[in-house]
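Engineer: Please find input.cif (mmCIF, C-alpha atoms (C1' of nucleotides)) on the next line:
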data_my_file
#
loop_
_atom_site.label_atom_id
_atom_site.label_comp_id
_atom_site.auth_asym_id
_atom_site.auth_seq_id
_atom_site.Cartn_x
_atom_site.Cartn_y
_atom_site.Cartn_z
CA MET A 1 98.51 41.55 133.49
CA ALA A 2 98.03 44.17 136.10
CA LYS A 3 95.83 47.20 136.08
CA PHE A 4 93.85 49.63 138.14
CA GLU A 5 91.53 52.49 137.58
CA LEU A 6 90.67 55.67 139.39
CA PHE A 7 87.77 58.02 138.90
CA SER A 8 88.01 61.66 139.76
CA GLY A 9 85.80 64.68 139.47
CA ARG A 10 86.88 68.29 139.28
CA GLY A 11 86.02 70.64 142.07
CA ALA A 12 83.68 68.38 143.93
CA PHE A 13 84.04 64.76 144.70
CA VAL A 14 86.17 61.85 144.12
CA VAL A 15 83.91 58.92 144.64
CA ALA A 16 86.46 56.26 144.39
CA ALA A 17 85.27 52.80 143.95
CA VAL A 18 88.70 51.48 143.41
CA GLY A 19 88.47 48.83 140.78
CA VAL A 20 90.40 46.10 142.37
CA CYS A 21 91.76 43.97 139.61
CA SER A 22 94.32 41.27 139.50
CA TRP A 23 97.02 43.74 140.35
CA PHE A 24 95.59 44.73 143.69
CA SER A 25 93.88 41.54 144.66
CA GLY A 26 96.93 39.51 143.79
CA ARG A 27 99.38 41.77 145.53
CA LEU A 28 97.57 42.86 148.61
CA THR A 29 97.85 39.50 150.29
CA GLU A 30 101.37 40.29 151.39
CA ARG A 31 100.23 43.07 153.69
CA THR A 32 103.26 45.25 153.78
CA LEU A 33 101.38 48.45 154.41
CA LEU A 34 103.06 51.57 153.22
CA GLU A 35 101.96 55.03 152.37
CA LEU A 36 103.14 56.03 148.98
CA ARG A 37 103.51 59.77 149.16
CA LEU A 38 106.51 61.53 147.79
CA PRO A 39 107.71 64.61 149.69
CA GLU A 40 106.96 66.97 146.83
CA PHE A 41 103.46 65.62 146.64
CA GLN A 42 102.92 66.06 150.36
CA ASP A 43 103.90 69.69 150.10
CA ARG A 44 101.37 70.11 147.38
CA GLU A 45 98.69 68.56 149.50
CA LYS A 46 99.43 70.94 152.32
CA ARG A 47 99.10 73.88 150.02
CA HIS A 48 95.99 72.87 148.19
CA PHE A 49 94.17 70.27 150.19
CA PRO A 50 94.85 70.83 153.89
CA LYS A 51 92.00 68.74 155.24
CA THR A 52 91.43 66.11 152.64
CA PRO A 53 90.50 62.76 154.03
CA GLY A 54 92.48 59.85 152.79
CA LEU A 55 91.52 57.18 150.39
CA PRO A 56 92.20 53.97 152.20
CA ILE A 57 92.59 50.91 150.10
CA PHE A 58 92.65 47.76 152.12
CA GLY A 59 92.52 44.58 150.15
CA THR A 60 89.33 44.33 148.18
CA VAL A 61 87.47 46.93 150.23
CA SER A 62 86.22 49.79 148.10
CA ALA A 63 86.21 53.21 149.67
CA ALA A 64 83.85 56.07 148.86
CA THR A 65 85.53 59.23 150.02
CA ILE A 66 84.69 62.86 149.44
CA VAL A 67 87.80 64.66 148.37
CA PRO A 68 87.70 68.35 147.49
CA THR A 69 89.98 68.80 144.55
CA ASP A 70 90.70 71.51 142.03
CA GLU A 71 93.16 69.48 140.14
CA TYR A 72 94.41 66.01 139.69
CA ASN A 73 94.94 64.47 143.07
CA PRO A 74 95.37 60.75 143.18
CA ARG A 75 95.94 59.53 146.67
CA PHE A 76 97.56 56.21 147.11
CA VAL A 77 97.66 54.34 150.34
CA GLN A 78 98.32 50.78 149.59
CA THR A 79 100.44 47.77 150.10
CA LEU A 80 103.77 47.51 148.49
CA ASN A 81 105.67 44.70 146.94
CA ARG A 82 108.22 44.59 144.21
CA THR A 83 105.67 45.00 141.44
CA THR A 84 104.00 48.04 142.91
CA GLU A 85 107.38 49.45 143.80
CA LEU A 86 108.37 49.22 140.14
CA PHE A 87 105.03 50.71 139.17
CA PHE A 88 105.64 53.83 141.21
CA GLN A 89 109.25 53.91 140.12
CA ILE A 90 108.03 54.27 136.54
CA MET A 91 105.34 56.75 137.55
CA LYS A 92 107.59 58.76 139.86
CA TYR A 93 106.68 62.08 138.28
CA GLY A 94 102.93 61.60 138.25
CA PHE A 95 100.16 60.43 135.96
CA PRO A 96 99.43 62.39 132.75
CA GLY A 97 95.83 61.17 132.96
CA LEU A 98 93.87 58.42 134.66
CA ASP A 99 91.77 56.85 131.91
CA HIS A 100 92.02 53.05 132.06
CA VAL A 101 95.51 52.84 133.46
CA ARG A 102 97.23 49.52 132.89
CA SER A 103 100.49 48.41 134.36
CA PHE A 104 102.80 46.00 132.65
CA ASP A 105 106.03 44.61 134.08
CA ASP A 106 108.21 47.36 132.63
CA PHE A 107 105.87 50.12 131.42
CA VAL A 108 102.55 51.71 132.26
CA LEU A 109 99.88 52.96 129.88
CA SER A 110 96.51 54.65 129.79
CA TYR A 111 94.09 53.23 127.22
CA ASP A 112 91.55 55.17 125.18
CA ARG A 113 88.55 52.97 124.41
CA ARG A 114 87.24 55.41 121.86
CA THR A 115 90.30 55.46 119.64
CA ARG A 116 91.40 51.88 120.47
CA ILE A 117 94.90 53.10 121.16
CA ALA A 118 96.69 54.39 124.25
CA HIS A 119 96.51 57.97 125.53
CA TRP A 120 100.04 57.68 126.84
CA VAL A 121 102.71 55.16 127.72
CA PHE A 122 105.28 55.72 130.46
CA GLU A 123 108.73 54.13 130.65
CA HIS A 124 111.71 54.40 132.94
CA LEU A 125 115.05 53.86 131.23
CA THR A 126 118.51 53.33 132.66
CA ALA A 127 121.74 52.28 130.98
CA GLU A 128 121.74 49.13 133.04
CA ARG A 129 118.28 48.10 131.89
CA LEU A 130 119.10 48.80 128.24
CA LYS A 131 122.19 46.61 128.21
CA TYR A 132 122.37 43.94 125.53
CA ASN A 133 120.76 40.75 126.76
CA ASP A 134 121.13 37.62 124.68
CA LYS A 135 118.24 36.04 126.55
CA VAL A 136 115.82 38.47 124.92
CA ASP A 137 114.88 37.83 121.32
CA ARG A 138 112.56 40.25 119.59
CA SER A 139 111.84 37.77 116.82
CA LEU A 140 110.11 35.55 119.36
CA CYS A 141 107.54 38.26 120.05
CA ASP A 142 104.11 38.34 118.47
CA PHE A 143 101.65 41.19 118.23
CA THR A 144 98.86 40.13 120.57
CA GLU A 145 95.35 41.37 121.30
CA ASP A 146 95.03 42.68 124.81
CA THR A 147 92.16 40.71 126.26
CA SER A 148 92.06 42.91 129.32
CA VAL A 149 90.26 45.38 127.07
CA HIS A 150 86.56 44.68 126.43
CA SER A 151 86.09 43.29 122.96
CA TYR A 152 84.00 46.32 121.92
CA PHE A 153 87.01 48.58 122.36
CA ARG A 154 89.87 46.27 121.52
CA ALA A 155 92.18 46.66 118.53
CA LYS A 156 92.82 43.41 116.69
CA ASN A 157 95.63 42.35 114.41
CA VAL A 158 93.19 42.07 111.53
CA ASP A 159 92.44 45.78 111.87
CA TYR A 160 96.02 46.55 110.92
CA LYS A 161 96.33 43.91 108.20
CA GLY A 162 96.40 45.43 104.77
CA SER A 163 95.87 48.89 106.21
CA GLY A 164 99.19 50.14 104.94
CA PHE A 165 100.18 51.18 108.46
CA ASP A 166 102.79 49.61 110.69
CA ARG A 167 101.86 48.34 114.11
CA GLY A 168 104.12 50.89 115.76
CA HIS A 169 105.24 50.51 119.35
CA LEU A 170 104.63 53.34 121.80
CA ALA A 171 106.88 51.78 124.44
CA ALA A 172 109.62 50.62 122.08
CA ALA A 173 110.58 46.95 122.20
CA GLY A 174 114.22 48.02 122.23
CA ASN A 175 113.67 49.73 125.57
CA HIS A 176 112.73 46.49 127.33
CA ARG A 177 115.62 44.09 127.36
CA VAL A 178 115.72 42.95 130.96
CA ALA A 179 113.48 39.95 130.37
CA GLN A 180 111.77 38.27 127.46
CA GLU A 181 108.38 38.86 129.10
CA HIS A 182 109.08 42.59 129.15
CA CYS A 183 109.75 42.56 125.44
CA ASP A 184 106.72 40.31 124.84
CA GLN A 185 104.43 42.73 126.66
CA THR A 186 105.39 45.64 124.41
CA PHE A 187 103.68 43.68 121.62
CA TYR A 188 100.23 43.90 123.21
CA LEU A 189 98.10 45.95 120.85
CA THR A 190 97.29 48.33 123.72
CA ASN A 191 100.89 49.52 123.29
CA ILE A 192 100.56 49.74 119.51
CA ALA A 193 99.28 52.49 117.23
CA PRO A 194 98.97 52.79 113.44
CA GLN A 195 102.13 54.44 112.17
CA VAL A 196 103.35 55.25 108.70
CA GLY A 197 106.09 52.66 108.13
CA VAL A 198 108.66 53.92 105.65
CA GLY A 199 109.80 57.42 106.49
CA PHE A 200 108.28 57.46 109.96
CA ASN A 201 108.23 54.37 112.21
CA ARG A 202 111.18 52.74 110.52
CA ASN A 203 113.11 55.95 110.11
CA SER A 204 112.71 59.27 111.91
CA TRP A 205 110.56 58.02 114.78
CA ASN A 206 113.07 55.19 115.24
CA ARG A 207 115.85 57.80 115.23
CA LEU A 208 114.06 59.61 118.04
CA GLU A 209 113.72 56.37 120.04
CA LYS A 210 117.44 55.72 119.63
CA HIS A 211 118.19 59.26 120.73
CA VAL A 212 116.16 58.70 123.91
CA ARG A 213 118.03 55.47 124.62
CA LYS A 214 121.32 57.31 124.18
CA LEU A 215 120.30 59.79 126.86
CA THR A 216 120.86 57.02 129.41
CA LYS A 217 124.58 57.28 128.66
CA ILE A 218 124.52 60.83 130.02
CA TYR A 219 121.78 60.71 132.63
CA SER A 220 121.32 58.14 135.35
CA ASN A 221 117.54 58.03 135.02
CA VAL A 222 115.41 58.79 131.99
CA TYR A 223 111.61 58.93 132.08
CA VAL A 224 109.72 58.84 128.80
CA CYS A 225 106.08 59.49 128.04
CA THR A 226 104.87 58.67 124.52
CA GLY A 227 101.49 58.99 122.89
CA PRO A 228 99.31 59.96 119.94
CA LEU A 229 97.98 63.36 119.00
CA PHE A 230 95.01 64.34 116.88
CA LEU A 231 95.78 67.87 115.84
CA PRO A 232 93.34 70.28 114.19
CA LYS A 233 94.04 71.50 110.70
CA LYS A 234 92.58 74.38 108.78
CA GLU A 235 90.51 73.25 105.84
CA ARG A 236 89.45 75.07 102.70
CA ASP A 237 86.52 76.78 104.38
CA GLY A 238 88.93 78.43 106.78
CA LYS A 239 87.70 76.47 109.78
CA ASN A 240 89.71 74.08 111.90
CA TYR A 241 88.87 70.40 111.93
CA VAL A 242 90.39 67.34 113.55
CA LYS A 243 90.42 64.74 110.82
CA TYR A 244 91.91 61.30 111.09
CA GLN A 245 91.67 57.97 109.36
CA VAL A 246 90.38 54.84 111.09
CA ILE A 247 91.37 51.32 110.11
CA GLY A 248 89.74 47.91 110.32
CA SER A 249 86.30 46.89 111.47
CA ASN A 250 87.15 48.21 114.94
CA ASN A 251 87.93 51.66 113.60
CA VAL A 252 91.37 51.96 115.15
CA ALA A 253 92.31 55.63 115.01
CA VAL A 254 95.34 56.72 113.01
CA PRO A 255 96.95 59.59 114.92
CA THR A 256 97.94 62.68 112.97
CA HIS A 257 101.05 63.06 115.16
CA PHE A 258 102.95 61.39 117.97
CA PHE A 259 104.57 63.01 120.97
CA LYS A 260 107.43 62.07 123.23
CA VAL A 261 108.22 63.90 126.46
CA VAL A 262 111.44 62.94 128.21
CA VAL A 263 112.70 63.88 131.67
CA MET A 264 116.30 63.22 132.57
CA GLU A 265 117.75 63.24 136.07
CA THR A 266 121.23 64.69 136.40
CA ASN A 267 123.70 63.45 138.98
CA ASP A 268 123.36 66.69 140.96
CA GLY A 269 119.61 66.34 141.39
CA LYS A 270 118.52 68.62 138.57
CA LEU A 271 116.05 67.76 135.84
CA HIS A 272 116.29 68.27 132.11
CA MET A 273 113.35 67.86 129.74
CA GLU A 274 112.91 67.35 126.03
CA ALA A 275 109.55 67.36 124.23
CA TYR A 276 108.91 66.29 120.65
CA VAL A 277 105.99 66.17 118.25
CA MET A 278 106.38 64.37 114.93
CA PRO A 279 103.76 64.12 112.16
CA ASN A 280 102.64 60.59 111.30
CA GLU A 281 103.92 60.87 107.75
CA PRO A 282 107.11 60.22 105.82
CA ILE A 283 109.88 62.49 107.09
CA ASP A 284 113.20 63.17 105.43
CA ASP A 285 115.91 61.18 107.19
CA ASN A 286 118.15 64.22 107.23
CA THR A 287 115.75 66.33 109.28
CA PRO A 288 117.41 67.06 112.63
CA LEU A 289 115.40 65.85 115.62
CA THR A 290 115.57 69.31 117.15
CA VAL A 291 113.19 70.47 114.41
CA PHE A 292 110.47 68.49 116.21
CA GLN A 293 111.06 69.96 119.64
CA VAL A 294 108.09 71.88 121.06
CA PRO A 295 107.19 73.48 124.39
CA PRO A 296 105.92 70.67 126.66
CA ASP A 297 102.78 72.60 127.54
CA SER A 298 101.71 72.70 123.89
CA ILE A 299 101.55 68.89 123.98
CA GLU A 300 99.71 68.96 127.28
CA ARG A 301 97.05 71.31 125.90
CA HIS A 302 96.48 69.28 122.75
CA ALA A 303 96.59 65.88 124.42
CA GLY A 304 94.52 66.84 127.45
CA LEU A 305 97.27 65.50 129.68
CA LEU A 306 99.58 66.89 132.34
CA PHE A 307 103.05 65.44 132.18
CA PHE A 308 105.32 65.14 135.13
CA ASP A 309 102.70 66.70 137.33
CA ARG A 310 104.72 65.91 140.40
CA ILE A 311 107.89 67.51 139.15
CA SER A 312 109.36 70.23 141.28
CA ARG A 313 109.71 73.12 138.94
CA ASP A 314 112.74 74.56 140.66
CA LYS A 315 114.65 71.41 139.82
CA LEU A 316 113.75 71.64 136.15
CA VAL A 317 116.58 73.72 134.76
CA LEU A 318 116.67 72.80 131.08
CA VAL A 319 113.85 72.33 128.55
CA ASN A 320 114.76 71.43 124.97
CA GLY A 321 118.32 72.51 125.75
CA ARG A 322 117.29 75.96 126.99
CA LYS A 323 117.30 77.29 130.51
CA THR A 324 113.81 77.45 131.95
CA THR A 325 112.06 80.51 133.25
CA TYR A 326 110.49 78.58 136.09
CA VAL A 327 113.43 79.40 138.37
"C1'" DT B 1 120.91 48.00 114.69
"C1'" DT B 2 115.99 48.51 115.10
"C1'" DT B 3 111.86 49.28 112.91
"C1'" DG B 4 108.35 46.61 110.47
"C1'" DA B 5 105.01 43.97 106.40
"C1'" DT B 6 104.30 40.40 103.34
"C1'" DG B 7 104.44 35.96 100.93
"C1'" DT B 8 105.58 31.03 100.89
#
Do you think you could lay out the structure here as structure tokens?
Structural biologist:
Amino acid sequence: MAKFELFSGRGAFVVAAVGVCSWFSGRLTERTLLELRLPEFQDREKRHFPKTPGLPIFGTVSAATIVPTDEYNPRFVQTLNRTTELFFQIMKYGFPGLDHVRSFDDFVLSYDRRTRIAHWVFEHLTAERLKYNDKVDRSLCDFTEDTSVHSYFRAKNVDYKGSGFDRGHLAAAGNHRVAQEHCDQTFYLTNIAPQVGVGFNRNSWNRLEKHVRKLTKIYSNVYVCTGPLFLPKKERDGKNYVKYQVIGSNNVAVPTHFFKVVVMETNDGKLHMEAYVMPNEPIDDNTPLTVFQVPPDSIERHAGLLFFDRISRDKLVLVNGRKTTYV
DNA sequence: TTTGATGT
């Protein structure tokens, strides 16, 4: 399994001791040096960070670099091979957050040690990659502990057993049909969160996942970010509290809600977005999915994440089916 | 169809 981590500090320094894990150390031997900077990102750098020194990453050498930054500013200069190319293909529109980022063959996630579930999971879907593949068999997959997470913070199968909750996929197994290993990897418990089974995971949430897959019939590229939310609720005393159940001896957090933010690329270079929040509870099957659409920034504020940070706002013309005011 | 848990 591949992974990397970055550390950043607001307004002052990024002291980056780049944790070079299997992903880097394994891949950097090929030495095809390439700067990974998208044009939009470069523009942003010119505006906000005219004199920032780079963050060179050469092999296993760690770099400590002072980078003035007001906002999220990951700088990647690194070697490229097919795996890293895929990684940045999935992450084309930026990182929602940088906490314990882990890269799998066909999706990328950020893991929250405190809740024992992911902050977010990113996927890139195309019609081609979703095609039926008789070489991939979901029934051969097993839910598996992710040993790349320290045992203190790792969710185990026994935590879910008898809890009454499904082990719900964040990156859906049905989205990863190119290879059996891709499907297998969606069963790592880092990609799993406790979900209400009947009425949610097996019904309305599944409906939403199918809807997202269908978008690939209209759009050539679909980018999906999925994750948990822990939303405050007013209690009897009139004050707001965030309250959530935990399950198992590892106290795996049961999210109050789940979000899904989707960006679709049109053939003429425009971007459409849809953003959903669904409560982790039984939902009537007849509820239209549009009922769960919300402004993307409301998810960002609650989740502490910034989606599609690298998106050029003038290309984003449609959000939840409505014309945007960005233009 | 895809999403799962549970019991033998």
Engineer: So the first atom is CA of Asn280 in chain A and the second is CA of Arg322 in chain A; what is the distance between them in Å, to one decimal place?
Structural biologist: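 Separation of CA of Asn280 in chain A and CA of Arg322 in chain A: 26.4 Å.
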Engineer: Between A:Phe107, A:Trp205, A:Phe88, A:Phe187, which residue has the minimum interatomic distance to chain B, considering only C-alpha atoms (C1' of nucleotides)?
Structural biologist: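 Nearest candidate to chain B out of A:Phe107, A:Trp205, A:Phe88, A:Phe187: A:Trp205.
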Engineer: May I ask which of the residues A:Val246, A:Val198, A:Leu229, A:Val294 is the closest one to DG4 in chain B, counting only C-alpha atoms (C1' of nucleotides)?
Structural biologist: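 Result for the nearest residue to DG4 in chain B: A:Val198.
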Engineer: Select, as JSON, numbers by chain, those residues of chain A with any atom no more than 9 Å from chain B (distances computed using all atoms listed in the file).
Structural biologist: {"A": [161, 162, 164, 165, 166, 167, 168, 174, 197, 198, 201, 202, 203, 206, 210]}
Engineer: Report, in Å with one decimal, the straight-line distance from CA of Lys270 in chain A to CA of Gln89 in chain A.
Structural biologist: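 These two atoms are separated by 17.5 Å.
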Engineer: With distances taken over all atoms listed in the file, which of A:Ser163, A:Leu125, A:Thr287, A:Asn157 is nearest to Tyr219 in chain A?
Structural biologist: A:Leu125
Engineer: Report, in Å to a single decimal, how far apart CA of Gly269 in chain A and CA of Lys92 in chain A are.
Structural biologist: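 Distance between the two atoms: 14.3 Å.
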Engineer: For range 196-208 of chain A, where the input has fewer atoms than it should, I would like N, CA and C atoms rebuilt and written as a CSV table (one decimal), keeping the file's coordinate frame.
Structural biologist:
chain,number,residue,atom,x,y,z
A,196,VAL,N,102.8,55.3,110.0
A,196,VAL,CA,103.4,55.2,108.7
A,196,VAL,C,104.7,54.5,108.8
A,197,GLY,N,104.9,53.5,108.0
A,197,GLY,CA,106.1,52.7,108.1
A,197,GLY,C,107.3,53.4,107.6
A,198,VAL,N,107.5,53.3,106.3
A,198,VAL,CA,108.7,53.9,105.6
A,198,VAL,C,108.6,55.4,105.8
A,199,GLY,N,109.7,56.0,106.3
A,199,GLY,CA,109.8,57.4,106.5
A,199,GLY,C,109.4,57.9,107.9
A,200,PHE,N,108.6,57.1,108.6
A,200,PHE,CA,108.3,57.5,110.0
A,200,PHE,C,108.7,56.4,111.0
A,201,ASN,N,107.9,55.4,111.2
A,201,ASN,CA,108.2,54.4,112.2
A,201,ASN,C,109.6,53.8,112.0
A,202,ARG,N,109.9,53.4,110.8
A,202,ARG,CA,111.2,52.7,110.5
A,202,ARG,C,112.3,53.7,110.3
A,203,ASN,N,112.0,55.0,110.3
A,203,ASN,CA,113.1,56.0,110.1
A,203,ASN,C,113.2,57.0,111.2
A,204,SER,N,112.5,58.1,111.0
A,204,SER,CA,112.7,59.3,111.9
A,204,SER,C,112.2,59.0,113.3
A,205,TRP,N,111.1,58.3,113.4
A,205,TRP,CA,110.6,58.0,114.8
A,205,TRP,C,111.5,57.1,115.5
A,206,ASN,N,112.1,56.1,114.7
A,206,ASN,CA,113.1,55.2,115.2
A,206,ASN,C,114.3,55.9,115.7
A,207,ARG,N,114.7,57.0,114.9
A,207,ARG,CA,115.8,57.8,115.2
A,207,ARG,C,115.6,58.5,116.6
A,208,LEU,N,114.4,59.0,116.8
A,208,LEU,CA,114.1,59.6,118.0
A,208,LEU,C,114.2,58.6,119.2
